[in-house]
file coords-v1.cif (mmCIF, C-alpha atoms, pLDDT in the B column; chains and numbers go by the auth columns)
data_run
loop_
_atom_site.group_PDB
_atom_site.id
_atom_site.type_symbol
_atom_site.label_atom_id
_atom_site.label_comp_id
_atom_site.label_asym_id
_atom_site.label_seq_id
_atom_site.Cartn_x
_atom_site.Cartn_y
_atom_site.Cartn_z
_atom_site.B_iso_or_equiv
_atom_site.auth_seq_id
_atom_site.auth_asym_id
ATOM 1 C CA MET A 1 0.596 28.956 27.138 40.00 1 A
ATOM 2 C CA ASN A 2 -2.933 28.174 25.910 41.00 2 A
ATOM 3 C CA PHE A 3 -4.242 24.684 25.129 34.00 3 A
ATOM 4 C CA LEU A 4 -3.751 25.013 21.377 38.00 4 A
ATOM 5 C CA LYS A 5 -0.109 25.983 21.765 37.00 5 A
ATOM 6 C CA ILE A 6 0.477 23.180 24.271 32.00 6 A
ATOM 7 C CA ARG A 7 -1.058 20.661 21.859 39.00 7 A
ATOM 8 C CA LYS A 8 1.102 21.915 18.996 42.00 8 A
ATOM 9 C CA VAL A 9 4.234 21.543 21.124 38.00 9 A
ATOM 10 C CA GLN A 10 3.166 18.039 22.170 46.00 10 A
ATOM 11 C CA CYS A 11 2.517 17.038 18.550 54.00 11 A
ATOM 12 C CA ARG A 12 5.913 18.331 17.499 58.00 12 A
ATOM 13 C CA LEU A 13 7.623 16.438 20.330 51.00 13 A
ATOM 14 C CA LEU A 14 5.829 13.225 19.345 56.00 14 A
ATOM 15 C CA LYS A 15 6.857 13.652 15.703 73.00 15 A
ATOM 16 C CA THR A 16 10.452 14.336 16.772 80.00 16 A
ATOM 17 C CA GLU A 17 10.396 11.157 18.863 87.00 17 A
ATOM 18 C CA LEU A 18 8.976 9.203 15.916 90.00 18 A
ATOM 19 C CA ALA A 19 11.779 10.473 13.688 89.00 19 A
ATOM 20 C CA ARG A 20 14.331 9.388 16.299 90.00 20 A
ATOM 21 C CA LEU A 21 12.795 5.915 16.546 93.00 21 A
ATOM 22 C CA ILE A 22 12.831 5.498 12.761 92.00 22 A
ATOM 23 C CA ALA A 23 16.478 6.550 12.570 91.00 23 A
ATOM 24 C CA GLN A 24 17.507 4.311 15.466 93.00 24 A
ATOM 25 C CA HIS A 25 15.387 1.189 14.957 93.00 25 A
ATOM 26 C CA GLY A 26 14.161 1.260 11.358 95.00 26 A
ATOM 27 C CA ILE A 27 10.640 0.375 10.255 96.00 27 A
ATOM 28 C CA CYS A 28 9.011 -3.027 10.674 97.00 28 A
ATOM 29 C CA LEU A 29 6.755 -3.926 7.751 97.00 29 A
ATOM 30 C CA GLY A 30 3.402 -5.564 8.350 96.00 30 A
ATOM 31 C CA SER A 31 4.075 -8.471 6.025 93.00 31 A
ATOM 32 C CA ASN A 32 5.749 -11.881 5.854 91.00 32 A
ATOM 33 C CA ASN A 33 6.792 -11.381 2.246 86.00 33 A
ATOM 34 C CA PRO A 34 10.522 -10.688 1.649 86.00 34 A
ATOM 35 C CA HIS A 35 9.638 -9.068 -1.678 82.00 35 A
ATOM 36 C CA LYS A 36 7.742 -6.409 0.275 83.00 36 A
ATOM 37 C CA VAL A 37 11.001 -5.365 1.940 88.00 37 A
ATOM 38 C CA GLU A 38 12.709 -5.178 -1.444 86.00 38 A
ATOM 39 C CA GLU A 39 9.883 -3.061 -2.813 85.00 39 A
ATOM 40 C CA PHE A 40 9.921 -0.542 0.017 90.00 40 A
ATOM 41 C CA ARG A 41 13.695 -0.358 -0.012 90.00 41 A
ATOM 42 C CA ARG A 42 13.433 0.534 -3.698 88.00 42 A
ATOM 43 C CA LEU A 43 10.700 3.107 -3.082 90.00 43 A
ATOM 44 C CA LEU A 44 12.305 4.574 0.054 91.00 44 A
ATOM 45 C CA PRO A 45 16.036 3.750 -0.029 91.00 45 A
ATOM 46 C CA SER A 46 16.898 6.108 2.840 89.00 46 A
ATOM 47 C CA TYR A 47 15.157 3.979 5.459 91.00 47 A
ATOM 48 C CA ASN A 48 15.828 0.583 7.008 94.00 48 A
ATOM 49 C CA PHE A 49 12.936 -1.855 6.574 95.00 49 A
ATOM 50 C CA TYR A 50 12.640 -5.313 8.095 95.00 50 A
ATOM 51 C CA LEU A 51 10.065 -8.062 8.557 95.00 51 A
ATOM 52 C CA PRO A 52 8.369 -9.136 11.828 96.00 52 A
ATOM 53 C CA ALA A 53 10.322 -12.417 11.879 95.00 53 A
ATOM 54 C CA ARG A 54 13.544 -10.470 12.549 94.00 54 A
ATOM 55 C CA ALA A 55 11.938 -9.179 15.746 93.00 55 A
ATOM 56 C CA GLY A 56 10.758 -12.675 16.694 94.00 56 A
ATOM 57 C CA ILE A 57 7.127 -11.836 15.938 94.00 57 A
ATOM 58 C CA SER A 58 4.657 -14.305 14.440 94.00 58 A
ATOM 59 C CA PHE A 59 2.620 -12.092 12.148 94.00 59 A
ATOM 60 C CA ALA A 60 -0.875 -13.288 11.214 93.00 60 A
ATOM 61 C CA PRO A 61 -3.479 -10.542 11.857 95.00 61 A
ATOM 62 C CA VAL A 62 -7.108 -11.005 10.883 92.00 62 A
ATOM 63 C CA GLU A 63 -7.825 -8.440 8.174 92.00 63 A
ATOM 64 C CA ASP A 64 -11.524 -7.890 8.845 94.00 64 A
ATOM 65 C CA GLY A 65 -11.709 -4.139 8.353 96.00 65 A
ATOM 66 C CA ALA A 66 -14.413 -2.492 6.264 96.00 66 A
ATOM 67 C CA THR A 67 -11.977 -0.211 4.414 97.00 67 A
ATOM 68 C CA PHE A 68 -8.408 -0.295 3.114 97.00 68 A
ATOM 69 C CA ALA A 69 -7.415 2.141 5.871 97.00 69 A
ATOM 70 C CA GLU A 70 -8.880 -0.097 8.578 97.00 70 A
ATOM 71 C CA ASN A 71 -7.028 -3.145 7.283 97.00 71 A
ATOM 72 C CA ALA A 72 -3.744 -1.236 7.054 97.00 72 A
ATOM 73 C CA LEU A 73 -4.175 -0.087 10.664 97.00 73 A
ATOM 74 C CA ILE A 74 -5.047 -3.618 11.827 97.00 74 A
ATOM 75 C CA LYS A 75 -1.751 -4.889 10.416 97.00 75 A
ATOM 76 C CA ALA A 76 0.308 -1.998 11.765 97.00 76 A
ATOM 77 C CA ARG A 77 -1.269 -2.229 15.230 96.00 77 A
ATOM 78 C CA ALA A 78 -0.481 -5.963 15.313 96.00 78 A
ATOM 79 C CA LEU A 79 3.188 -4.892 15.503 96.00 79 A
ATOM 80 C CA SER A 80 2.828 -2.855 18.684 94.00 80 A
ATOM 81 C CA ALA A 81 5.871 -4.656 20.132 94.00 81 A
ATOM 82 C CA VAL A 82 8.236 -2.839 17.747 96.00 82 A
ATOM 83 C CA PRO A 83 9.137 0.870 17.958 96.00 83 A
ATOM 84 C CA VAL A 84 7.825 1.766 14.473 96.00 84 A
ATOM 85 C CA ALA A 85 5.527 -0.245 12.205 97.00 85 A
ATOM 86 C CA LEU A 86 4.326 0.311 8.661 97.00 86 A
ATOM 87 C CA ALA A 87 1.618 -1.677 6.916 97.00 87 A
ATOM 88 C CA ASP A 88 -0.228 -1.303 3.657 95.00 88 A
ATOM 89 C CA ASP A 89 -3.495 -2.470 2.219 96.00 89 A
ATOM 90 C CA SER A 90 -4.249 -2.111 -1.435 95.00 90 A
ATOM 91 C CA GLY A 91 -6.565 -3.338 -4.118 96.00 91 A
ATOM 92 C CA LEU A 92 -8.284 -2.868 -7.451 98.00 92 A
ATOM 93 C CA VAL A 93 -11.643 -1.078 -7.474 98.00 93 A
ATOM 94 C CA ILE A 94 -13.981 -1.343 -10.476 98.00 94 A
ATOM 95 C CA PRO A 95 -17.113 0.821 -10.128 97.00 95 A
ATOM 96 C CA SER A 96 -19.167 -1.129 -12.695 97.00 96 A
ATOM 97 C CA LEU A 97 -18.617 -4.283 -10.610 97.00 97 A
ATOM 98 C CA GLY A 98 -19.858 -2.570 -7.474 96.00 98 A
ATOM 99 C CA GLY A 99 -16.310 -1.870 -6.325 97.00 99 A
ATOM 100 C CA ARG A 100 -15.066 -5.435 -6.696 97.00 100 A
ATOM 101 C CA PRO A 101 -12.509 -6.931 -6.310 98.00 101 A
ATOM 102 C CA GLY A 102 -11.850 -4.183 -3.719 97.00 102 A
ATOM 103 C CA LEU A 103 -10.834 -5.363 -0.278 96.00 103 A
ATOM 104 C CA HIS A 104 -10.786 -8.943 -1.543 94.00 104 A
ATOM 105 C CA SER A 105 -8.438 -8.288 -4.475 95.00 105 A
ATOM 106 C CA ALA A 106 -5.752 -10.711 -3.276 90.00 106 A
ATOM 107 C CA ARG A 107 -8.236 -13.551 -2.773 92.00 107 A
ATOM 108 C CA TYR A 108 -10.848 -12.693 -5.385 95.00 108 A
ATOM 109 C CA GLY A 109 -12.544 -15.763 -6.821 95.00 109 A
ATOM 110 C CA GLY A 110 -11.123 -18.044 -4.148 94.00 110 A
ATOM 111 C CA PRO A 111 -7.741 -18.905 -2.609 89.00 111 A
ATOM 112 C CA ASP A 112 -6.855 -21.462 -5.281 93.00 112 A
ATOM 113 C CA LEU A 113 -6.835 -18.996 -8.173 95.00 113 A
ATOM 114 C CA SER A 114 -3.567 -17.641 -9.536 94.00 114 A
ATOM 115 C CA ASP A 115 -2.994 -13.985 -10.444 93.00 115 A
ATOM 116 C CA ALA A 116 -3.579 -14.890 -14.078 95.00 116 A
ATOM 117 C CA ASP A 117 -6.839 -16.656 -13.166 96.00 117 A
ATOM 118 C CA ARG A 118 -8.074 -13.583 -11.287 97.00 118 A
ATOM 119 C CA CYS A 119 -7.296 -11.360 -14.250 97.00 119 A
ATOM 120 C CA LEU A 120 -9.318 -13.653 -16.521 97.00 120 A
ATOM 121 C CA LEU A 121 -12.181 -13.683 -14.004 98.00 121 A
ATOM 122 C CA VAL A 122 -12.354 -9.879 -14.021 98.00 122 A
ATOM 123 C CA LEU A 123 -12.264 -9.819 -17.829 97.00 123 A
ATOM 124 C CA LYS A 124 -15.110 -12.350 -17.919 97.00 124 A
ATOM 125 C CA GLU A 125 -17.202 -10.267 -15.531 97.00 125 A
ATOM 126 C CA LEU A 126 -16.649 -7.151 -17.664 97.00 126 A
ATOM 127 C CA GLU A 127 -17.161 -8.721 -21.099 93.00 127 A
ATOM 128 C CA ASN A 128 -20.587 -7.071 -21.553 90.00 128 A
ATOM 129 C CA SER A 129 -19.761 -3.810 -19.792 94.00 129 A
ATOM 130 C CA LYS A 130 -19.020 -0.559 -21.617 94.00 130 A
ATOM 131 C CA ASP A 131 -17.805 1.061 -18.408 97.00 131 A
ATOM 132 C CA ARG A 132 -14.298 -0.273 -17.816 98.00 132 A
ATOM 133 C CA ARG A 133 -13.090 2.472 -15.466 98.00 133 A
ATOM 134 C CA ALA A 134 -10.967 1.271 -12.574 98.00 134 A
ATOM 135 C CA TYR A 135 -8.456 2.458 -10.037 98.00 135 A
ATOM 136 C CA PHE A 136 -5.837 0.991 -7.770 97.00 136 A
ATOM 137 C CA ILE A 137 -5.699 2.276 -4.208 97.00 137 A
ATOM 138 C CA CYS A 138 -3.008 1.868 -1.550 96.00 138 A
ATOM 139 C CA VAL A 139 -3.227 3.002 2.067 97.00 139 A
ATOM 140 C CA LEU A 140 -0.117 3.028 4.257 97.00 140 A
ATOM 141 C CA ALA A 141 -0.475 3.051 8.047 97.00 141 A
ATOM 142 C CA LEU A 142 2.502 4.232 10.100 96.00 142 A
ATOM 143 C CA CYS A 143 2.443 3.604 13.853 95.00 143 A
ATOM 144 C CA GLY A 144 5.029 4.781 16.365 94.00 144 A
ATOM 145 C CA ALA A 145 5.571 6.987 19.416 90.00 145 A
ATOM 146 C CA GLY A 146 1.926 6.442 20.366 90.00 146 A
ATOM 147 C CA GLU A 147 0.668 8.010 17.146 90.00 147 A
ATOM 148 C CA GLU A 148 -0.878 6.725 13.900 94.00 148 A
ATOM 149 C CA TYR A 149 -0.659 8.264 10.442 95.00 149 A
ATOM 150 C CA LEU A 150 -2.299 7.310 7.138 96.00 150 A
ATOM 151 C CA PHE A 151 -1.123 7.960 3.577 96.00 151 A
ATOM 152 C CA GLU A 152 -3.227 7.177 0.512 97.00 152 A
ATOM 153 C CA GLY A 153 -2.261 6.829 -3.128 97.00 153 A
ATOM 154 C CA ARG A 154 -4.407 6.147 -6.187 97.00 154 A
ATOM 155 C CA VAL A 155 -3.873 5.577 -9.883 97.00 155 A
ATOM 156 C CA GLU A 156 -6.793 5.907 -12.288 97.00 156 A
ATOM 157 C CA GLY A 157 -7.155 3.805 -15.413 98.00 157 A
ATOM 158 C CA GLU A 158 -9.346 1.248 -17.097 98.00 158 A
ATOM 159 C CA ILE A 159 -9.485 -2.493 -17.542 98.00 159 A
ATOM 160 C CA ASN A 160 -7.821 -3.631 -20.753 97.00 160 A
ATOM 161 C CA HIS A 161 -9.596 -6.140 -22.998 96.00 161 A
ATOM 162 C CA ARG A 162 -6.808 -8.698 -22.584 96.00 162 A
ATOM 163 C CA PRO A 163 -3.712 -9.210 -20.414 96.00 163 A
ATOM 164 C CA GLU A 164 -0.595 -7.469 -21.726 96.00 164 A
ATOM 165 C CA GLY A 165 2.910 -7.220 -20.293 93.00 165 A
ATOM 166 C CA VAL A 166 5.102 -9.480 -18.199 89.00 166 A
ATOM 167 C CA THR A 167 6.339 -7.271 -15.350 84.00 167 A
ATOM 168 C CA GLY A 168 4.522 -6.531 -12.112 78.00 168 A
ATOM 169 C CA PHE A 169 2.019 -8.855 -10.474 84.00 169 A
ATOM 170 C CA GLY A 170 -1.636 -9.197 -9.559 91.00 170 A
ATOM 171 C CA TYR A 171 -3.929 -7.263 -11.890 95.00 171 A
ATOM 172 C CA ASP A 172 -1.140 -5.233 -13.536 95.00 172 A
ATOM 173 C CA PRO A 173 -1.494 -7.018 -16.931 96.00 173 A
ATOM 174 C CA ILE A 174 -5.123 -5.896 -17.324 97.00 174 A
ATOM 175 C CA PHE A 175 -4.854 -2.400 -15.806 97.00 175 A
ATOM 176 C CA PHE A 176 -4.429 0.087 -18.646 98.00 176 A
ATOM 177 C CA HIS A 177 -2.959 3.492 -17.758 97.00 177 A
ATOM 178 C CA PRO A 178 -4.144 5.951 -20.452 96.00 178 A
ATOM 179 C CA ILE A 179 -1.437 8.565 -19.847 95.00 179 A
ATOM 180 C CA SER A 180 1.307 5.952 -20.242 95.00 180 A
ATOM 181 C CA GLY A 181 -0.501 4.265 -23.117 96.00 181 A
ATOM 182 C CA CYS A 182 0.064 0.764 -21.753 97.00 182 A
ATOM 183 C CA THR A 183 -0.752 -1.573 -18.889 97.00 183 A
ATOM 184 C CA LEU A 184 1.153 -1.428 -15.606 95.00 184 A
ATOM 185 C CA ALA A 185 2.688 -4.791 -16.510 95.00 185 A
ATOM 186 C CA GLN A 186 4.336 -3.139 -19.516 96.00 186 A
ATOM 187 C CA LEU A 187 6.171 -0.580 -17.382 93.00 187 A
ATOM 188 C CA ALA A 188 9.633 -1.047 -15.883 85.00 188 A
ATOM 189 C CA GLY A 189 10.052 -0.643 -12.108 82.00 189 A
ATOM 190 C CA PRO A 190 10.990 3.076 -11.922 87.00 190 A
ATOM 191 C CA ALA A 191 8.391 4.063 -14.517 90.00 191 A
ATOM 192 C CA LYS A 192 5.702 2.146 -12.652 90.00 192 A
ATOM 193 C CA ASP A 193 6.753 3.576 -9.276 91.00 193 A
ATOM 194 C CA ALA A 194 6.371 7.098 -10.687 93.00 194 A
ATOM 195 C CA ILE A 195 2.647 6.611 -11.343 94.00 195 A
ATOM 196 C CA SER A 196 1.517 3.716 -9.160 93.00 196 A
ATOM 197 C CA HIS A 197 -0.781 3.908 -6.158 95.00 197 A
ATOM 198 C CA ARG A 198 1.905 2.468 -3.887 93.00 198 A
ATOM 199 C CA GLY A 199 4.512 4.848 -5.283 94.00 199 A
ATOM 200 C CA GLU A 200 2.244 7.833 -4.583 96.00 200 A
ATOM 201 C CA ALA A 201 1.549 6.711 -1.007 96.00 201 A
ATOM 202 C CA ALA A 202 5.270 6.086 -0.466 95.00 202 A
ATOM 203 C CA ARG A 203 6.131 9.599 -1.660 95.00 203 A
ATOM 204 C CA GLN A 204 3.646 11.048 0.821 95.00 204 A
ATOM 205 C CA LEU A 205 5.256 8.962 3.569 95.00 205 A
ATOM 206 C CA LYS A 206 8.734 10.132 2.557 93.00 206 A
ATOM 207 C CA GLU A 207 7.659 13.784 2.647 93.00 207 A
ATOM 208 C CA PHE A 208 6.215 13.262 6.128 92.00 208 A
ATOM 209 C CA ILE A 209 9.325 11.548 7.511 91.00 209 A
ATOM 210 C CA ASP A 210 11.617 14.121 5.901 89.00 210 A
ATOM 211 C CA ASP A 211 9.528 16.893 7.473 88.00 211 A
ATOM 212 C CA ILE A 212 9.608 15.500 11.006 83.00 212 A
ATOM 213 C CA SER A 213 13.318 14.719 10.712 81.00 213 A
ATOM 214 C CA GLU A 214 14.305 18.346 10.098 69.00 214 A
#

call {"tool": "encode", "arguments": {"input": "coords-v1.cif", "output": "C-alpha cells"}}
result
Amino acid sequence: MNFLKIRKVQCRLLKTELARLIAQHGICLGSNNPHKVEEFRRLLPSYNFYLPARAGISFAPVEDGATFAENALIKARALSAVPVALADDSGLVIPSLGGRPGLHSARYGGPDLSDADRCLLVLKELENSKDRRAYFICVLALCGAGEEYLFEGRVEGEINHRPEGVTGFGYDPIFFHPISGCTLAQLAGPAKDAISHRGEAARQLKEFIDDISE
C-alpha cells in the first residue's frame, strides 16, 4: 500500500474514532453560557452538548488570536481534557469601518456598553458613510481524536439606519438582510437559523458528522 493510500486509511480511522467519541461522550462547548447549549441543541438536536463546568473544567481562555478561526481554535484547544470539544468565534465585519467591530464585536466600545449601546455606536460611526455593507461571520472549531476541523458561515447584509426588531441579540437589530427584507432581530428563531452565519456553520458541521458516522 502506498503512502497516499495509507494516509487515507488513517484519516478514515480517525474520523470513525471521532464519530464514536461524539456518540459516546457528546460535545463539550467552549463557553460558560447556558444559552449557548440551548442554541446548539436547537441547531443540532441530534447531538448531546454540555458546558465545561459539567466536566469540572474552569474555562477562561485568552482569546488573543488574529482571526476568528484562531480564536475558535484557542477555545476548543483549551478543552483538551474532554474527548470532543467545539468552540465558535463570531463577529460583525463592516468594510467601511476597516473591518470593525470584527474580532472585538462582543466588547466593542468598552466592556461597560450594552448591546444596545454598541448598536448605537456603530450607527454613529456610519452616519456619514454611504457604504453600509456588512457581514456576520462564524467559525466553528471541532477538536477530537487528535484532529481539528474548521467550519465557516457568513451572512451578507447592510447596516440599517436604526435598530428594528426585538428578537436575537448583539447587533441583530441593526443588521438588515436584503433577501428577507428585515433585520435579523425581526426574524423568528427558525427563520433566522436558516440564513444566519451560525446556522450555516452548524449545517456544515452536521454534514461532516453525518458523513463520518456512516

call {"tool": "closest_residue", "arguments": {"input": "coords-v1.cif", "among": "A:Ile22, A:Ile174, A:Val166, A:Ala81", "to": "A:Leu121", "atoms": "only C-alpha atoms"}}
result
A:Ile174

call {"tool": "residues_around", "arguments": {"input": "coords-v1.cif", "residues": "stretch 105-109 of chain A", "least_positions_apart": "6", "cutoff": "10 Å", "atoms": "all atoms listed in the file", "output": "number ranges by chain"}}
result
A: 90-93, 115, 117-119, 121-122, 170-171

call {"tool": "closest_residue", "arguments": {"input": "coords-v1.cif", "among": "A:Arg154, A:Glu63, A:Leu142, A:Phe169", "to": "A:His35", "atoms": "only C-alpha atoms"}}
result
A:Phe169

call {"tool": "closest_residue", "arguments": {"input": "coords-v1.cif", "among": "A:Ile179, A:Ile212, A:Ile27, A:Ala87", "to": "A:Leu150", "atoms": "all atoms listed in the file"}}
result
A:Ala87

call {"tool": "atom_distance", "arguments": {"input": "coords-v1.cif", "atom1": "atom CA of A:Leu205", "atom2": "atom CA of A:Leu44"}}
result
9.0 Å

call {"tool": "axis_aligned_box", "arguments": {"input": "coords-v1.cif", "around": "stretch 19-23 of chain A", "padding_each_side": "3 Å", "output": "lines of an AutoDock Vina configuration file"}}
result
center_x = 14.1
center_y = 8.0
center_z = 14.6
size_x = 10.7
size_y = 11.0
size_z = 10.0

call {"tool": "resolve_selection", "arguments": {"input": "coords-v1.cif", "expression": "the PyMOL selection byres ((chain A and resi 123) around 12)", "output": "list of chain:residue names"}}
result
A:Ile94, A:Leu97, A:Pro101, A:Ala116, A:Asp117, A:Arg118, A:Cys119, A:Leu120, A:Leu121, A:Val122, A:Lys124, A:Glu125, A:Leu126, A:Glu127, A:Asn128, A:Ser129, A:Arg132, A:Glu158, A:Ile159, A:Asn160, A:His161, A:Arg162, A:Pro163, A:Tyr171, A:Pro173, A:Ile174, A:Phe175

call {"tool": "closest_residue", "arguments": {"input": "coords-v1.cif", "among": "A:Leu43, A:Ala134, A:Leu73, A:Ile209", "to": "A:Val155", "atoms": "only C-alpha atoms"}}
result
A:Ala134

call {"tool": "residues_around", "arguments": {"input": "coords-v1.cif", "residues": "A:Glu156", "least_positions_apart": "3", "cutoff": "9 Å", "atoms": "only C-alpha atoms", "output": "mmCIF file with C-alpha atoms, keeping the file's coordinate frame"}}
result
data_model
loop_
_atom_site.group_PDB
_atom_site.id
_atom_site.type_symbol
_atom_site.label_atom_id
_atom_site.label_comp_id
_atom_site.auth_asym_id
_atom_site.auth_seq_id
_atom_site.Cartn_x
_atom_site.Cartn_y
_atom_site.Cartn_z
ATOM 1 C CA ARG A 133 -13.090 2.472 -15.466
ATOM 2 C CA ALA A 134 -10.967 1.271 -12.574
ATOM 3 C CA TYR A 135 -8.456 2.458 -10.037
ATOM 4 C CA PHE A 136 -5.837 0.991 -7.770
ATOM 5 C CA ILE A 137 -5.699 2.276 -4.208
ATOM 6 C CA PHE A 176 -4.429 0.087 -18.646
ATOM 7 C CA HIS A 177 -2.959 3.492 -17.758
ATOM 8 C CA PRO A 178 -4.144 5.951 -20.452
ATOM 9 C CA HIS A 197 -0.781 3.908 -6.158
#

call {"tool": "residues_around", "arguments": {"input": "coords-v1.cif", "residues": "A:Ala69", "least_positions_apart": "5", "cutoff": "8 Å", "atoms": "only C-alpha atoms", "output": "list of chain:residue names"}}
result
A:Asp89, A:Val139, A:Leu140, A:Ala141, A:Leu150

call {"tool": "atom_distance", "arguments": {"input": "coords-v1.cif", "atom1": "atom CA of A:Ser213", "atom2": "atom CA of A:Glu70"}}
result
26.8 Å

call {"tool": "resolve_selection", "arguments": {"input": "coords-v1.cif", "expression": "the PyMOL selection byres ((chain A and resi 18) around 12)", "output": "PyMOL selection string"}}
result
chain A and resi 11-17+19-27+83-85+142-149+208-213

call {"tool": "atom_distance", "arguments": {"input": "coords-v1.cif", "atom1": "atom CA of A:Pro61", "atom2": "atom CA of A:Asp193"}}
result
27.4 Å

call {"tool": "residues_around", "arguments": {"input": "coords-v1.cif", "residues": "A:Arg198", "least_positions_apart": "2", "cutoff": "7 Å", "atoms": "all atoms listed in the file", "output": "PyMOL selection string"}}
result
chain A and resi 138+153+196+200-202

call {"tool": "closest_residue", "arguments": {"input": "coords-v1.cif", "among": "A:Asp88, A:Leu79, A:Ala66, A:Gly189", "to": "A:Leu103", "atoms": "only C-alpha atoms"}}
result
A:Ala66

call {"tool": "closest_residue", "arguments": {"input": "coords-v1.cif", "among": "A:Ser96, A:Gln204, A:Asn32, A:Thr167", "to": "A:Gly56", "atoms": "all atoms listed in the file"}}
result
A:Asn32

call {"tool": "resolve_selection", "arguments": {"input": "coords-v1.cif", "expression": "the PyMOL selection byres ((chain A and resi 60) around 12)", "output": "JSON, numbers by chain"}}
result
{"A": [30, 31, 32, 33, 52, 53, 57, 58, 59, 61, 62, 63, 74, 75, 76, 77, 78, 79]}
